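Asks: One structure coming up, written as structure tokens, with questions to follow.
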Amino acid sequence: MKCKYCKGSMTEQDNDRIGNRYCKQHVCVNDECKAVFEEIRTIRGVRVPAEDRWLKQETAGAE
């Protein structure tokens with residue numbers, strides 16, 4: 001999987017259960033980006049693309 005923001009590689013981190021869903025997190029390996037993609041699946045393993053989301057922490061301006 002490629003990062004939406006920097007096109008870098010992503011590594012799979014966790015597969016946490018949240019209610020009746022599972023959330024698999026993919027984290028960007030680029031230290032300057034560190035975006036996270038949360039992939040949501042049902043208990044049966046069916047992907048729910050409408051609930052997937054990208055998270056990226058905004059950083060302060062250059063010092």
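Here's how to read the names in the structure tokens: chain A, B, ... by the order shown, residue numbers from 1 in each chain, ligand numbers from 1 in the order shown.
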Just want the 6 Å neighbourhood of stretch 40-54 of chain A, counted on only C-alpha atoms, with same-chain residues fewer than 3 positions away dropped. Output as a VMD selection string.
Replies: chain A and resid 21 to 23 36 to 37
Asks: Considering only C-alpha atoms, return as a VMD selection string whatever protein or nucleic-acid residues lie within 9 Å of stretch 8-14 of chain A, sequence-local ones (same chain, fewer than 6 positions apart) excluded.
Replies: chain A and resid 1 to 2 23 to 30 33 35 to 37
Asks: Produce a file of the selected residues containing all heavy atoms, as a compact mmCIF listing (two decimals), in the first residue's frame.
Replies:
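This went into selection-v4.txt:
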# COMPACT_ATOMS: atom_id res chain seq x y z
N MET A 1 0.84 -1.18 0.00
CA MET A 1 0.00 0.00 0.00
C MET A 1 0.89 1.24 0.00
O MET A 1 1.94 1.26 0.64
CB MET A 1 -0.88 -0.06 1.25
CG MET A 1 -1.66 1.18 1.51
SD MET A 1 -2.83 0.94 2.85
CE MET A 1 -4.21 1.73 2.10
N LYS A 2 0.47 2.27 -0.70
CA LYS A 2 1.22 3.53 -0.80
C LYS A 2 0.50 4.64 -0.04
O LYS A 2 -0.73 4.70 -0.02
CB LYS A 2 1.38 3.96 -2.26
CG LYS A 2 2.20 3.00 -3.09
CD LYS A 2 3.65 3.08 -2.71
CE LYS A 2 4.47 2.17 -3.59
NZ LYS A 2 5.83 2.09 -3.18
N CYS A 23 -10.57 -2.69 12.95
CA CYS A 23 -9.85 -1.57 12.37
C CYS A 23 -8.39 -1.98 12.20
O CYS A 23 -7.67 -2.18 13.18
CB CYS A 23 -9.96 -0.36 13.28
SG CYS A 23 -8.98 1.04 12.71
N LYS A 24 -7.96 -2.10 10.96
CA LYS A 24 -6.56 -2.42 10.66
C LYS A 24 -5.86 -1.12 10.30
O LYS A 24 -6.31 -0.39 9.43
CB LYS A 24 -6.48 -3.39 9.49
CG LYS A 24 -5.08 -3.86 9.18
CD LYS A 24 -5.05 -4.77 7.97
CE LYS A 24 -5.74 -6.06 8.26
NZ LYS A 24 -5.68 -7.01 7.15
N GLN A 25 -4.77 -0.82 11.00
CA GLN A 25 -4.06 0.43 10.75
C GLN A 25 -2.82 0.19 9.90
O GLN A 25 -2.09 -0.77 10.11
CB GLN A 25 -3.64 1.07 12.07
CG GLN A 25 -4.81 1.51 12.90
CD GLN A 25 -4.38 2.14 14.20
OE1 GLN A 25 -3.30 1.89 14.70
NE2 GLN A 25 -5.24 2.97 14.75
N HIS A 26 -2.62 1.10 8.94
CA HIS A 26 -1.43 1.09 8.08
C HIS A 26 -0.73 2.42 8.34
O HIS A 26 -1.35 3.48 8.24
CB HIS A 26 -1.82 0.99 6.61
CG HIS A 26 -2.63 -0.23 6.29
ND1 HIS A 26 -2.05 -1.40 5.89
CD2 HIS A 26 -3.96 -0.46 6.33
CE1 HIS A 26 -2.99 -2.30 5.68
NE2 HIS A 26 -4.17 -1.75 5.94
N VAL A 27 0.57 2.38 8.70
CA VAL A 27 1.32 3.58 9.05
C VAL A 27 2.40 3.84 8.01
O VAL A 27 3.13 2.92 7.62
CB VAL A 27 1.96 3.44 10.45
CG1 VAL A 27 2.74 4.68 10.81
CG2 VAL A 27 0.89 3.17 11.50
N CYS A 28 2.53 5.09 7.58
CA CYS A 28 3.55 5.49 6.61
C CYS A 28 4.94 5.35 7.25
O CYS A 28 5.14 5.76 8.40
CB CYS A 28 3.31 6.94 6.18
SG CYS A 28 4.51 7.52 4.96
N VAL A 29 5.88 4.79 6.50
CA VAL A 29 7.24 4.60 7.03
C VAL A 29 8.09 5.87 6.94
O VAL A 29 9.16 5.93 7.53
CB VAL A 29 7.96 3.42 6.33
CG1 VAL A 29 7.23 2.12 6.58
CG2 VAL A 29 8.10 3.68 4.85
N ASN A 30 7.62 6.87 6.22
CA ASN A 30 8.33 8.14 6.09
C ASN A 30 8.24 8.90 7.42
O ASN A 30 7.16 9.28 7.86
CB ASN A 30 7.72 8.96 4.96
CG ASN A 30 8.42 10.28 4.74
OD1 ASN A 30 9.20 10.75 5.55
ND2 ASN A 30 8.11 10.90 3.61
N CYS A 33 6.29 12.13 7.43
CA CYS A 33 4.87 12.07 7.10
C CYS A 33 4.07 11.39 8.22
O CYS A 33 3.21 12.00 8.82
CB CYS A 33 4.69 11.32 5.78
SG CYS A 33 2.98 11.20 5.24
N ALA A 35 1.62 9.35 8.19
CA ALA A 35 0.17 9.28 8.02
C ALA A 35 -0.32 7.88 8.41
O ALA A 35 0.43 6.92 8.39
CB ALA A 35 -0.19 9.57 6.56
N VAL A 36 -1.59 7.80 8.78
CA VAL A 36 -2.19 6.53 9.17
C VAL A 36 -3.45 6.32 8.33
O VAL A 36 -4.26 7.25 8.17
CB VAL A 36 -2.56 6.53 10.67
CG1 VAL A 36 -3.29 5.26 11.05
CG2 VAL A 36 -1.33 6.71 11.53
N PHE A 37 -3.61 5.10 7.81
CA PHE A 37 -4.82 4.73 7.11
C PHE A 37 -5.53 3.68 7.93
O PHE A 37 -4.93 2.67 8.30
CB PHE A 37 -4.51 4.18 5.71
CG PHE A 37 -5.74 3.70 4.98
CD1 PHE A 37 -6.68 4.59 4.52
CD2 PHE A 37 -5.94 2.35 4.76
CE1 PHE A 37 -7.81 4.16 3.85
CE2 PHE A 37 -7.07 1.90 4.08
CZ PHE A 37 -8.00 2.80 3.63
Asks: Check the DSSP output for the backbone and give back, as a VMD selection string, the residues of chain A in strand (DSSP E or B).
Replies: chain A and resid 2 9 to 18 21 to 28 36 to 42 47 53 to 55
Asks: Rounded to one decimal, what separation in Å do you get between atom CA of A:Lys34 and atom CA of A:Ile18?
Replies: 22.6 Å
